[in-house]
Amino acid sequence: MKFAIIGGTGLIGSQVVRNLNEAGHEAVPHSPSTGVDLLTGQGLDAALDGADVVVNLTNSPTFDDASPAFFRTSMDNLVAAAKKAGTGHFVILSIVGVDQVPELDYYRAKTLQEDILKESGIPYSIVRATQFMEFVDAVLSWTADENTVRLPSTPIQPIAAADVAAAVSEVSAGKPLNGTLDVGGPDVYPLDELGRITLSAKGDTRSVANDETAGMFAAVKGDVLTTKDGARIAATRYLDWLK
């Protein structure tokens, strides 16, 4: 099959392109560097021409209240181009529990993206992943100073980007789910404990202080960002990934 991978040069997209091509498909990466602009629609018709499947792995440039407008415009343009091209399967990557945290602008924006796809009339699949292991350092940096990292005890279920890409690749090459697949890592940690494990593994001497008001994940109540029954659990453990 032929795949148009929008955002195909990023962390997940580049791995999805490789996975699909190694499986014998034709997966073509598209991004601003290849002349595709989701906000203006430039290059979309050419990118989707002849594609059996479109996989949208792009992300908003910000996590603030500007993110809903990005997903609204980008999805409207991409849905229109997919319909014009007669694309038979539309796949997006989202976040486990994304519709359970309306306090976060970015999570509301990703929920909007999901809703636009569901209402598009195009056969679709949504892969929801838990937090990427590759992003833990960034999460720690949001509430850190030279001596201390402040973190809430929000349950986090880290998953390796390679495992996310494998799930997206498999779903994209299959029949449309017309639904959602949740994927997550094998272990759940309170975020503050995850911070201590990460700093210790890196030889970082800063301390981690529990602060239930610190950072974006302070808005998350309970275990909504962890997988439930029916989810796919990946093999890579965080402690092994750190090594």
# chains A, B, ... in the order shown; residues from 1 in each chain; ligands from 1
call {"tool": "closest_atom_pairs", "arguments": {"of": "segment 166-223 of chain A", "to": "segment 145-155 of chain A", "cutoff": "9 Å", "atoms": "only C-alpha atoms", "output": "tab-separated table"}}
result
residue	atom	partner	partner_atom	distance
A:Val188	CA	A:Pro155	CA	6.3
A:Tyr189	CA	A:Pro155	CA	5.5
A:Pro190	CA	A:Pro155	CA	4.4
A:Leu191	CA	A:Ser153	CA	5.0
A:Asp192	CA	A:Leu151	CA	5.0
A:Glu193	CA	A:Ser153	CA	7.5
A:Gly195	CA	A:Leu151	CA	7.6
A:Thr205	CA	A:Asn147	CA	8.0
A:Arg206	CA	A:Asn147	CA	5.0
A:Ser207	CA	A:Thr148	CA	4.9
A:Val208	CA	A:Val149	CA	4.7
A:Ala209	CA	A:Arg150	CA	4.8
A:Asn210	CA	A:Leu151	CA	5.2
A:Asp211	CA	A:Pro152	CA	4.9
A:Glu212	CA	A:Pro152	CA	4.1
A:Thr213	CA	A:Pro152	CA	6.6
A:Ala214	CA	A:Leu151	CA	5.6
A:Gly215	CA	A:Leu151	CA	7.0
A:Phe217	CA	A:Thr154	CA	6.6
A:Ala218	CA	A:Pro152	CA	5.9
A:Val220	CA	A:Thr154	CA	6.8
A:Lys221	CA	A:Thr154	CA	7.4
A:Gly222	CA	A:Thr154	CA	6.9
A:Asp223	CA	A:Pro155	CA	5.6
call {"tool": "write_last_selection", "arguments": {"atoms": "N, CA, C and O atoms", "output": "mmCIF file, in the first residue's frame"}}
result
data_model
loop_
_atom_site.group_PDB
_atom_site.id
_atom_site.type_symbol
_atom_site.label_atom_id
_atom_site.label_comp_id
_atom_site.auth_asym_id
_atom_site.auth_seq_id
_atom_site.Cartn_x
_atom_site.Cartn_y
_atom_site.Cartn_z
ATOM 1 N N VAL A 188 3.814 1.659 35.778
ATOM 2 C CA VAL A 188 3.232 2.943 36.178
ATOM 3 C C VAL A 188 4.004 3.484 37.375
ATOM 4 O O VAL A 188 4.279 2.752 38.324
ATOM 5 N N TYR A 189 4.365 4.765 37.314
ATOM 6 C CA TYR A 189 5.097 5.424 38.401
ATOM 7 C C TYR A 189 4.392 6.718 38.784
ATOM 8 O O TYR A 189 3.892 7.439 37.911
ATOM 9 N N PRO A 190 4.380 7.077 40.075
ATOM 10 C CA PRO A 190 4.054 8.459 40.413
ATOM 11 C C PRO A 190 5.102 9.366 39.760
ATOM 12 O O PRO A 190 6.292 9.019 39.722
ATOM 13 N N LEU A 191 4.689 10.491 39.225
ATOM 14 C CA LEU A 191 5.618 11.327 38.471
ATOM 15 C C LEU A 191 6.813 11.759 39.314
ATOM 16 O O LEU A 191 7.941 11.817 38.807
ATOM 17 N N ASP A 192 6.595 12.053 40.595
ATOM 18 C CA ASP A 192 7.736 12.460 41.411
ATOM 19 C C ASP A 192 8.736 11.316 41.580
ATOM 20 O O ASP A 192 9.956 11.532 41.547
ATOM 21 N N GLU A 193 8.231 10.071 41.706
ATOM 22 C CA GLU A 193 9.141 8.930 41.781
ATOM 23 C C GLU A 193 9.884 8.742 40.452
ATOM 24 O O GLU A 193 11.086 8.444 40.433
ATOM 25 N N GLY A 195 10.693 11.022 38.474
ATOM 26 C CA GLY A 195 11.736 12.037 38.460
ATOM 27 C C GLY A 195 12.964 11.606 39.241
ATOM 28 O O GLY A 195 14.098 11.788 38.783
ATOM 29 N N THR A 205 22.389 15.293 40.819
ATOM 30 C CA THR A 205 22.299 15.355 42.278
ATOM 31 C C THR A 205 21.146 16.223 42.787
ATOM 32 O O THR A 205 20.966 16.361 44.001
ATOM 33 N N ARG A 206 20.378 16.805 41.904
ATOM 34 C CA ARG A 206 19.234 17.591 42.361
ATOM 35 C C ARG A 206 18.220 16.697 43.079
ATOM 36 O O ARG A 206 18.102 15.507 42.789
ATOM 37 N N SER A 207 17.493 17.284 43.995
ATOM 38 C CA SER A 207 16.462 16.541 44.711
ATOM 39 C C SER A 207 15.110 16.747 44.032
ATOM 40 O O SER A 207 14.907 17.716 43.300
ATOM 41 N N VAL A 208 14.199 15.816 44.280
ATOM 42 C CA VAL A 208 12.834 15.928 43.778
ATOM 43 C C VAL A 208 11.910 16.157 44.952
ATOM 44 O O VAL A 208 11.893 15.376 45.915
ATOM 45 N N ALA A 209 11.153 17.223 44.895
ATOM 46 C CA ALA A 209 10.198 17.554 45.947
ATOM 47 C C ALA A 209 8.785 17.302 45.434
ATOM 48 O O ALA A 209 8.441 17.717 44.327
ATOM 49 N N ASN A 210 7.996 16.618 46.228
ATOM 50 C CA ASN A 210 6.593 16.426 45.858
ATOM 51 C C ASN A 210 5.852 17.741 45.982
ATOM 52 O O ASN A 210 5.876 18.398 47.021
ATOM 53 N N ASP A 211 5.195 18.139 44.889
ATOM 54 C CA ASP A 211 4.413 19.380 44.875
ATOM 55 C C ASP A 211 3.216 19.138 43.962
ATOM 56 O O ASP A 211 3.354 19.081 42.741
ATOM 57 N N GLU A 212 2.047 18.962 44.565
ATOM 58 C CA GLU A 212 0.856 18.609 43.791
ATOM 59 C C GLU A 212 0.324 19.768 42.956
ATOM 60 O O GLU A 212 -0.647 19.604 42.222
ATOM 61 N N THR A 213 0.970 20.935 43.023
ATOM 62 C CA THR A 213 0.546 22.086 42.216
ATOM 63 C C THR A 213 1.538 22.391 41.099
ATOM 64 O O THR A 213 1.338 23.347 40.346
ATOM 65 N N ALA A 214 2.579 21.587 40.944
ATOM 66 C CA ALA A 214 3.673 21.930 40.039
ATOM 67 C C ALA A 214 3.477 21.352 38.638
ATOM 68 O O ALA A 214 3.236 20.159 38.472
ATOM 69 N N GLY A 215 3.585 22.215 37.641
ATOM 70 C CA GLY A 215 3.641 21.762 36.254
ATOM 71 C C GLY A 215 2.307 21.374 35.659
ATOM 72 O O GLY A 215 1.259 21.376 36.312
ATOM 73 N N PHE A 217 1.084 18.527 34.692
ATOM 74 C CA PHE A 217 0.401 17.318 35.143
ATOM 75 C C PHE A 217 -0.284 17.490 36.492
ATOM 76 O O PHE A 217 -0.994 16.586 36.947
ATOM 77 N N ALA A 218 -0.119 18.642 37.129
ATOM 78 C CA ALA A 218 -0.853 18.917 38.364
ATOM 79 C C ALA A 218 -2.352 18.998 38.104
ATOM 80 O O ALA A 218 -3.157 18.784 39.013
ATOM 81 N N VAL A 220 -4.023 16.991 36.319
ATOM 82 C CA VAL A 220 -4.550 15.646 36.090
ATOM 83 C C VAL A 220 -4.971 15.025 37.420
ATOM 84 O O VAL A 220 -4.175 14.946 38.357
ATOM 85 N N LYS A 221 -6.201 14.578 37.478
ATOM 86 C CA LYS A 221 -6.733 13.975 38.702
ATOM 87 C C LYS A 221 -6.833 12.462 38.533
ATOM 88 O O LYS A 221 -7.395 11.962 37.565
ATOM 89 N N GLY A 222 -6.248 11.730 39.481
ATOM 90 C CA GLY A 222 -6.342 10.282 39.437
ATOM 91 C C GLY A 222 -5.451 9.671 38.369
ATOM 92 O O GLY A 222 -4.445 10.253 37.966
ATOM 93 N N ASP A 223 -5.866 8.485 37.904
ATOM 94 C CA ASP A 223 -5.022 7.713 36.997
ATOM 95 C C ASP A 223 -5.527 7.755 35.555
ATOM 96 O O ASP A 223 -5.382 6.792 34.803
#
call {"tool": "residues_around", "arguments": {"residues": "segment 18-25 of chain A", "least_positions_apart": "3", "cutoff": "10 Å", "atoms": "only C-alpha atoms", "output": "PyMOL selection string"}}
result
chain A and resi 1-3+8+13-15+28-29+162+165-166+168-170+172-173
call {"tool": "closest_residue", "arguments": {"among": "A:Val136, A:Ala219, A:Ile6, A:Ile92", "to": "Asp105 of chain A", "atoms": "only C-alpha atoms"}}
result
A:Ala219
call {"tool": "select_by_dssp", "arguments": {"residues": "segment 39-186 of chain A", "states": "alpha helix (DSSP H)", "output": "JSON, numbers by chain"}}
result
{"A": [44, 45, 46, 47, 48, 67, 68, 69, 70, 71, 72, 73, 74, 75, 76, 77, 78, 79, 80, 81, 82, 83, 84, 85, 105, 106, 107, 108, 109, 110, 111, 112, 113, 114, 115, 116, 117, 118, 136, 137, 138, 139, 140, 141, 161, 162, 163, 164, 165, 166, 167, 168, 169, 170, 171, 172, 173]}
call {"tool": "closest_residue", "arguments": {"among": "A:His30, A:Arg196, A:Lys202, A:Arg232", "to": "Asp182 of chain A", "atoms": "only C-alpha atoms"}}
result
A:Arg232
call {"tool": "closest_residue", "arguments": {"among": "A:Ser67, A:Thr198, A:Thr227, A:Ser125", "to": "Trp241 of chain A", "atoms": "only C-alpha atoms"}}
result
A:Thr198
call {"tool": "closest_residue", "arguments": {"among": "A:Ala69, A:Ala82, A:Met133, A:Ile233", "to": "Arg108 of chain A", "atoms": "only C-alpha atoms"}}
result
A:Ala69
call {"tool": "closest_residue", "arguments": {"among": "A:Val54, A:Ala138, A:Val98, A:Ala27", "to": "Ala81 of chain A", "atoms": "only C-alpha atoms"}}
result
A:Val54
call {"tool": "select_by_dssp", "arguments": {"residues": "segment 16-107 of chain A", "states": "strand (DSSP E or B)", "output": "PyMOL selection string"}}
result
chain A and resi 26-30+53-56+89-95
call {"tool": "closest_residue", "arguments": {"among": "A:Thr34, A:Ser120, A:Gln42, A:Gln131", "to": "Val96 of chain A", "atoms": "only C-alpha atoms"}}
result
A:Gln131
call {"tool": "residues_around", "arguments": {"residues": "Val79 of chain A", "least_positions_apart": "4", "cutoff": "12 Å", "atoms": "only C-alpha atoms", "output": "mmCIF file with all heavy atoms, in the first residue's frame"}}
result
data_model
loop_
_atom_site.group_PDB
_atom_site.id
_atom_site.type_symbol
_atom_site.label_atom_id
_atom_site.label_comp_id
_atom_site.auth_asym_id
_atom_site.auth_seq_id
_atom_site.Cartn_x
_atom_site.Cartn_y
_atom_site.Cartn_z
ATOM 1 N N LEU A 38 0.224 22.395 6.469
ATOM 2 C CA LEU A 38 -1.128 22.017 6.883
ATOM 3 C C LEU A 38 -2.028 23.222 7.139
ATOM 4 O O LEU A 38 -3.248 23.127 7.000
ATOM 5 C CB LEU A 38 -1.056 21.174 8.154
ATOM 6 C CG LEU A 38 -0.694 19.701 7.996
ATOM 7 C CD1 LEU A 38 -0.651 19.033 9.363
ATOM 8 C CD2 LEU A 38 -1.688 18.987 7.101
ATOM 9 N N GLY A 41 -2.737 24.540 3.530
ATOM 10 C CA GLY A 41 -3.146 23.501 2.596
ATOM 11 C C GLY A 41 -2.178 23.291 1.453
ATOM 12 O O GLY A 41 -2.369 22.386 0.631
ATOM 13 N N LEU A 44 -0.801 19.676 -0.054
ATOM 14 C CA LEU A 44 -1.538 18.523 0.468
ATOM 15 C C LEU A 44 -2.097 17.639 -0.648
ATOM 16 O O LEU A 44 -2.064 16.408 -0.554
ATOM 17 C CB LEU A 44 -2.668 18.975 1.385
ATOM 18 C CG LEU A 44 -2.291 19.313 2.823
ATOM 19 C CD1 LEU A 44 -3.521 19.757 3.606
ATOM 20 C CD2 LEU A 44 -1.643 18.117 3.501
ATOM 21 N N ASP A 45 -2.644 18.257 -1.693
ATOM 22 C CA ASP A 45 -3.224 17.452 -2.767
ATOM 23 C C ASP A 45 -2.167 16.552 -3.401
ATOM 24 O O ASP A 45 -2.419 15.360 -3.651
ATOM 25 C CB ASP A 45 -3.849 18.352 -3.830
ATOM 26 C CG ASP A 45 -5.142 19.001 -3.357
ATOM 27 O OD1 ASP A 45 -5.677 18.567 -2.321
ATOM 28 O OD2 ASP A 45 -5.609 19.948 -4.022
ATOM 29 N N LEU A 48 -1.145 13.604 -0.977
ATOM 30 C CA LEU A 48 -2.114 12.524 -0.797
ATOM 31 C C LEU A 48 -2.493 11.831 -2.102
ATOM 32 O O LEU A 48 -3.233 10.833 -2.067
ATOM 33 C CB LEU A 48 -3.372 13.057 -0.118
ATOM 34 C CG LEU A 48 -3.370 12.988 1.419
ATOM 35 C CD1 LEU A 48 -2.220 13.807 2.014
ATOM 36 C CD2 LEU A 48 -4.705 13.478 1.985
ATOM 37 N N VAL A 54 -3.581 7.855 4.943
ATOM 38 C CA VAL A 54 -2.896 9.053 5.421
ATOM 39 C C VAL A 54 -2.733 8.925 6.934
ATOM 40 O O VAL A 54 -3.662 8.543 7.646
ATOM 41 C CB VAL A 54 -3.655 10.346 5.060
ATOM 42 C CG1 VAL A 54 -5.072 10.354 5.619
ATOM 43 C CG2 VAL A 54 -2.886 11.565 5.570
ATOM 44 N N VAL A 55 -1.522 9.186 7.404
ATOM 45 C CA VAL A 55 -1.207 9.114 8.830
ATOM 46 C C VAL A 55 -0.760 10.502 9.268
ATOM 47 O O VAL A 55 0.260 11.017 8.785
ATOM 48 C CB VAL A 55 -0.097 8.080 9.106
ATOM 49 C CG1 VAL A 55 0.128 7.948 10.611
ATOM 50 C CG2 VAL A 55 -0.445 6.722 8.487
ATOM 51 N N ASN A 56 -1.510 11.118 10.165
ATOM 52 C CA ASN A 56 -1.199 12.466 10.619
ATOM 53 C C ASN A 56 -0.493 12.409 11.968
ATOM 54 O O ASN A 56 -1.102 12.111 12.993
ATOM 55 C CB ASN A 56 -2.472 13.299 10.728
ATOM 56 C CG ASN A 56 -2.190 14.738 11.129
ATOM 57 O OD1 ASN A 56 -1.038 15.184 11.131
ATOM 58 N ND2 ASN A 56 -3.225 15.472 11.452
ATOM 59 N N PHE A 71 -5.110 22.621 15.452
ATOM 60 C CA PHE A 71 -5.694 21.327 15.103
ATOM 61 C C PHE A 71 -6.969 21.487 14.282
ATOM 62 O O PHE A 71 -7.246 20.667 13.399
ATOM 63 C CB PHE A 71 -5.938 20.494 16.357
ATOM 64 C CG PHE A 71 -4.681 19.911 16.936
ATOM 65 C CD1 PHE A 71 -4.204 20.311 18.172
ATOM 66 C CD2 PHE A 71 -3.954 18.967 16.232
ATOM 67 C CE1 PHE A 71 -3.033 19.776 18.700
ATOM 68 C CE2 PHE A 71 -2.782 18.422 16.755
ATOM 69 C CZ PHE A 71 -2.322 18.842 17.984
ATOM 70 N N ARG A 72 -7.755 22.508 14.542
ATOM 71 C CA ARG A 72 -8.956 22.748 13.744
ATOM 72 C C ARG A 72 -8.582 23.006 12.285
ATOM 73 O O ARG A 72 -9.105 22.365 11.367
ATOM 74 C CB ARG A 72 -9.737 23.940 14.304
ATOM 75 C CG ARG A 72 -10.809 24.497 13.378
ATOM 76 C CD ARG A 72 -11.908 23.505 13.065
ATOM 77 N NE ARG A 72 -12.758 23.260 14.218
ATOM 78 C CZ ARG A 72 -13.750 22.375 14.210
ATOM 79 N NH1 ARG A 72 -13.970 21.623 13.138
ATOM 80 N NH2 ARG A 72 -14.483 22.193 15.292
ATOM 81 N N THR A 73 -7.666 23.930 12.056
ATOM 82 C CA THR A 73 -7.297 24.291 10.681
ATOM 83 C C THR A 73 -6.579 23.145 9.977
ATOM 84 O O THR A 73 -6.890 22.818 8.829
ATOM 85 C CB THR A 73 -6.408 25.539 10.683
ATOM 86 O OG1 THR A 73 -7.117 26.623 11.297
ATOM 87 C CG2 THR A 73 -6.028 25.939 9.263
ATOM 88 N N SER A 74 -5.613 22.543 10.655
ATOM 89 C CA SER A 74 -4.828 21.485 10.017
ATOM 90 C C SER A 74 -5.692 20.281 9.683
ATOM 91 O O SER A 74 -5.566 19.679 8.603
ATOM 92 C CB SER A 74 -3.652 21.079 10.902
ATOM 93 O OG SER A 74 -4.077 20.570 12.155
ATOM 94 N N MET A 75 -6.600 19.906 10.583
ATOM 95 C CA MET A 75 -7.460 18.749 10.322
ATOM 96 C C MET A 75 -8.500 19.059 9.250
ATOM 97 O O MET A 75 -8.794 18.207 8.400
ATOM 98 C CB MET A 75 -8.137 18.293 11.609
ATOM 99 C CG MET A 75 -7.221 17.516 12.538
ATOM 100 S SD MET A 75 -6.642 15.934 11.835
ATOM 101 C CE MET A 75 -8.165 14.975 11.838
ATOM 102 N N LYS A 83 -10.459 13.452 1.366
ATOM 103 C CA LYS A 83 -11.698 13.164 0.642
ATOM 104 C C LYS A 83 -11.498 13.356 -0.862
ATOM 105 O O LYS A 83 -11.962 12.540 -1.676
ATOM 106 C CB LYS A 83 -12.822 14.066 1.150
ATOM 107 C CG LYS A 83 -13.322 13.693 2.533
ATOM 108 C CD LYS A 83 -14.472 14.592 2.958
ATOM 109 C CE LYS A 83 -15.062 14.142 4.293
ATOM 110 N NZ LYS A 83 -16.184 15.010 4.726
ATOM 111 N N LYS A 84 -10.795 14.413 -1.233
ATOM 112 C CA LYS A 84 -10.537 14.682 -2.647
ATOM 113 C C LYS A 84 -9.722 13.562 -3.277
ATOM 114 O O LYS A 84 -9.947 13.169 -4.421
ATOM 115 C CB LYS A 84 -9.808 16.025 -2.789
ATOM 116 C CG LYS A 84 -9.543 16.448 -4.219
ATOM 117 C CD LYS A 84 -8.900 17.825 -4.258
ATOM 118 C CE LYS A 84 -8.622 18.264 -5.693
ATOM 119 N NZ LYS A 84 -7.977 19.614 -5.719
ATOM 120 N N ALA A 85 -8.773 13.015 -2.490
ATOM 121 C CA ALA A 85 -7.897 11.957 -2.998
ATOM 122 C C ALA A 85 -8.543 10.578 -2.929
ATOM 123 O O ALA A 85 -8.000 9.615 -3.481
ATOM 124 C CB ALA A 85 -6.586 11.954 -2.220
ATOM 125 N N GLY A 86 -9.676 10.480 -2.226
ATOM 126 C CA GLY A 86 -10.317 9.179 -2.059
ATOM 127 C C GLY A 86 -9.570 8.254 -1.117
ATOM 128 O O GLY A 86 -9.653 7.027 -1.237
ATOM 129 N N THR A 87 -8.848 8.828 -0.168
ATOM 130 C CA THR A 87 -8.074 8.039 0.786
ATOM 131 C C THR A 87 -9.002 7.179 1.644
ATOM 132 O O THR A 87 -10.008 7.662 2.168
ATOM 133 C CB THR A 87 -7.245 8.969 1.691
ATOM 134 O OG1 THR A 87 -6.443 9.811 0.872
ATOM 135 C CG2 THR A 87 -6.355 8.166 2.622
ATOM 136 N N GLY A 88 -8.649 5.898 1.813
ATOM 137 C CA GLY A 88 -9.552 4.969 2.460
ATOM 138 C C GLY A 88 -9.318 4.739 3.935
ATOM 139 O O GLY A 88 -10.065 3.976 4.572
ATOM 140 N N HIS A 89 -8.292 5.369 4.516
ATOM 141 C CA HIS A 89 -7.976 5.136 5.940
ATOM 142 C C HIS A 89 -7.195 6.336 6.443
ATOM 143 O O HIS A 89 -6.184 6.736 5.839
ATOM 144 C CB HIS A 89 -7.151 3.853 6.087
ATOM 145 C CG HIS A 89 -6.945 3.393 7.493
ATOM 146 N ND1 HIS A 89 -6.114 2.319 7.824
ATOM 147 C CD2 HIS A 89 -7.438 3.833 8.683
ATOM 148 C CE1 HIS A 89 -6.126 2.137 9.115
ATOM 149 N NE2 HIS A 89 -6.916 3.043 9.665
ATOM 150 N N PHE A 90 -7.656 6.930 7.524
ATOM 151 C CA PHE A 90 -7.030 8.130 8.105
ATOM 152 C C PHE A 90 -6.656 7.784 9.539
ATOM 153 O O PHE A 90 -7.508 7.400 10.336
ATOM 154 C CB PHE A 90 -8.032 9.277 8.069
ATOM 155 C CG PHE A 90 -7.470 10.653 8.308
ATOM 156 C CD1 PHE A 90 -7.853 11.709 7.487
ATOM 157 C CD2 PHE A 90 -6.595 10.923 9.338
ATOM 158 C CE1 PHE A 90 -7.372 12.991 7.693
ATOM 159 C CE2 PHE A 90 -6.102 12.198 9.557
ATOM 160 C CZ PHE A 90 -6.506 13.239 8.727
ATOM 161 N N VAL A 91 -5.377 7.933 9.886
ATOM 162 C CA VAL A 91 -4.864 7.545 11.199
ATOM 163 C C VAL A 91 -4.275 8.771 11.904
ATOM 164 O O VAL A 91 -3.562 9.569 11.268
ATOM 165 C CB VAL A 91 -3.766 6.465 11.079
ATOM 166 C CG1 VAL A 91 -3.274 6.031 12.455
ATOM 167 C CG2 VAL A 91 -4.285 5.260 10.283
ATOM 168 N N ILE A 92 -4.568 8.927 13.184
ATOM 169 C CA ILE A 92 -3.898 9.950 13.986
ATOM 170 C C ILE A 92 -3.359 9.320 15.268
ATOM 171 O O ILE A 92 -3.825 8.276 15.711
ATOM 172 C CB ILE A 92 -4.800 11.151 14.343
ATOM 173 C CG1 ILE A 92 -5.983 10.715 15.220
ATOM 174 C CG2 ILE A 92 -5.265 11.882 13.097
ATOM 175 C CD1 ILE A 92 -6.779 11.893 15.786
ATOM 176 N N GLN A 113 -9.170 17.373 17.791
ATOM 177 C CA GLN A 113 -8.628 16.678 16.630
ATOM 178 C C GLN A 113 -9.296 15.316 16.443
ATOM 179 O O GLN A 113 -9.676 14.944 15.321
ATOM 180 C CB GLN A 113 -7.111 16.503 16.778
ATOM 181 C CG GLN A 113 -6.467 15.854 15.559
ATOM 182 C CD GLN A 113 -5.033 15.447 15.796
ATOM 183 O OE1 GLN A 113 -4.656 15.076 16.908
ATOM 184 N NE2 GLN A 113 -4.219 15.513 14.747
ATOM 185 N N GLU A 114 -9.441 14.571 17.528
ATOM 186 C CA GLU A 114 -10.112 13.274 17.459
ATOM 187 C C GLU A 114 -11.554 13.429 16.961
ATOM 188 O O GLU A 114 -12.019 12.664 16.098
ATOM 189 C CB GLU A 114 -10.118 12.603 18.830
ATOM 190 C CG GLU A 114 -8.769 12.139 19.333
ATOM 191 C CD GLU A 114 -8.899 11.323 20.617
ATOM 192 O OE1 GLU A 114 -10.043 11.111 21.074
ATOM 193 O OE2 GLU A 114 -7.861 10.889 21.143
ATOM 194 N N ILE A 116 -12.927 15.788 15.153
ATOM 195 C CA ILE A 116 -12.989 16.148 13.734
ATOM 196 C C ILE A 116 -12.812 14.917 12.864
ATOM 197 O O ILE A 116 -13.521 14.732 11.867
ATOM 198 C CB ILE A 116 -11.921 17.217 13.403
ATOM 199 C CG1 ILE A 116 -12.261 18.543 14.084
ATOM 200 C CG2 ILE A 116 -11.796 17.413 11.891
ATOM 201 C CD1 ILE A 116 -11.151 19.571 14.007
ATOM 202 N N LEU A 117 -11.883 14.051 13.248
ATOM 203 C CA LEU A 117 -11.657 12.833 12.474
ATOM 204 C C LEU A 117 -12.874 11.912 12.537
ATOM 205 O O LEU A 117 -13.327 11.380 11.510
ATOM 206 C CB LEU A 117 -10.417 12.106 12.989
ATOM 207 C CG LEU A 117 -10.063 10.807 12.261
ATOM 208 C CD1 LEU A 117 -9.865 11.034 10.770
ATOM 209 C CD2 LEU A 117 -8.812 10.168 12.874
ATOM 210 N N LYS A 118 -13.436 11.726 13.727
ATOM 211 C CA LYS A 118 -14.601 10.840 13.878
ATOM 212 C C LYS A 118 -15.783 11.319 13.048
ATOM 213 O O LYS A 118 -16.574 10.512 12.536
ATOM 214 C CB LYS A 118 -14.998 10.758 15.348
ATOM 215 C CG LYS A 118 -14.007 10.052 16.250
ATOM 216 C CD LYS A 118 -14.434 10.161 17.711
ATOM 217 C CE LYS A 118 -13.419 9.561 18.646
ATOM 218 N NZ LYS A 118 -13.806 9.753 20.081
ATOM 219 N N GLU A 119 -15.909 12.632 12.918
ATOM 220 C CA GLU A 119 -17.046 13.215 12.206
ATOM 221 C C GLU A 119 -16.791 13.401 10.719
ATOM 222 O O GLU A 119 -17.685 13.850 9.988
ATOM 223 C CB GLU A 119 -17.403 14.568 12.841
ATOM 224 C CG GLU A 119 -17.882 14.455 14.287
ATOM 225 C CD GLU A 119 -17.863 15.780 15.026
ATOM 226 O OE1 GLU A 119 -17.567 16.813 14.378
ATOM 227 O OE2 GLU A 119 -18.126 15.786 16.246
ATOM 228 N N SER A 120 -15.592 13.019 10.247
ATOM 229 C CA SER A 120 -15.198 13.296 8.861
ATOM 230 C C SER A 120 -15.894 12.410 7.846
ATOM 231 O O SER A 120 -15.998 12.772 6.672
ATOM 232 C CB SER A 120 -13.685 13.122 8.709
ATOM 233 O OG SER A 120 -13.317 11.744 8.821
ATOM 234 N N GLY A 121 -16.345 11.233 8.283
ATOM 235 C CA GLY A 121 -16.922 10.287 7.336
ATOM 236 C C GLY A 121 -15.890 9.401 6.666
ATOM 237 O O GLY A 121 -16.246 8.499 5.897
ATOM 238 N N ILE A 122 -14.600 9.615 6.951
ATOM 239 C CA ILE A 122 -13.524 8.786 6.401
ATOM 240 C C ILE A 122 -13.260 7.635 7.372
ATOM 241 O O ILE A 122 -13.192 7.859 8.586
ATOM 242 C CB ILE A 122 -12.242 9.627 6.209
ATOM 243 C CG1 ILE A 122 -12.502 10.806 5.291
ATOM 244 C CG2 ILE A 122 -11.106 8.761 5.653
ATOM 245 C CD1 ILE A 122 -11.329 11.791 5.221
ATOM 246 N N PRO A 123 -13.096 6.401 6.887
ATOM 247 C CA PRO A 123 -12.699 5.318 7.790
ATOM 248 C C PRO A 123 -11.418 5.711 8.533
ATOM 249 O O PRO A 123 -10.477 6.222 7.918
ATOM 250 C CB PRO A 123 -12.474 4.134 6.844
ATOM 251 C CG PRO A 123 -13.364 4.426 5.668
ATOM 252 C CD PRO A 123 -13.288 5.925 5.499
ATOM 253 N N TYR A 124 -11.391 5.479 9.842
ATOM 254 C CA TYR A 124 -10.300 6.043 10.638
ATOM 255 C C TYR A 124 -9.816 5.087 11.709
ATOM 256 O O TYR A 124 -10.484 4.105 12.064
ATOM 257 C CB TYR A 124 -10.755 7.350 11.293
ATOM 258 C CG TYR A 124 -11.728 7.154 12.432
ATOM 259 C CD1 TYR A 124 -11.271 7.005 13.746
ATOM 260 C CD2 TYR A 124 -13.099 7.090 12.206
ATOM 261 C CE1 TYR A 124 -12.159 6.812 14.799
ATOM 262 C CE2 TYR A 124 -13.992 6.889 13.248
ATOM 263 C CZ TYR A 124 -13.522 6.757 14.548
ATOM 264 O OH TYR A 124 -14.395 6.555 15.591
#
call {"tool": "atom_distance", "arguments": {"atom1": "atom CA of Ala160 of chain A", "atom2": "atom CA of Asp99 of chain A"}}
result
22.2 Å
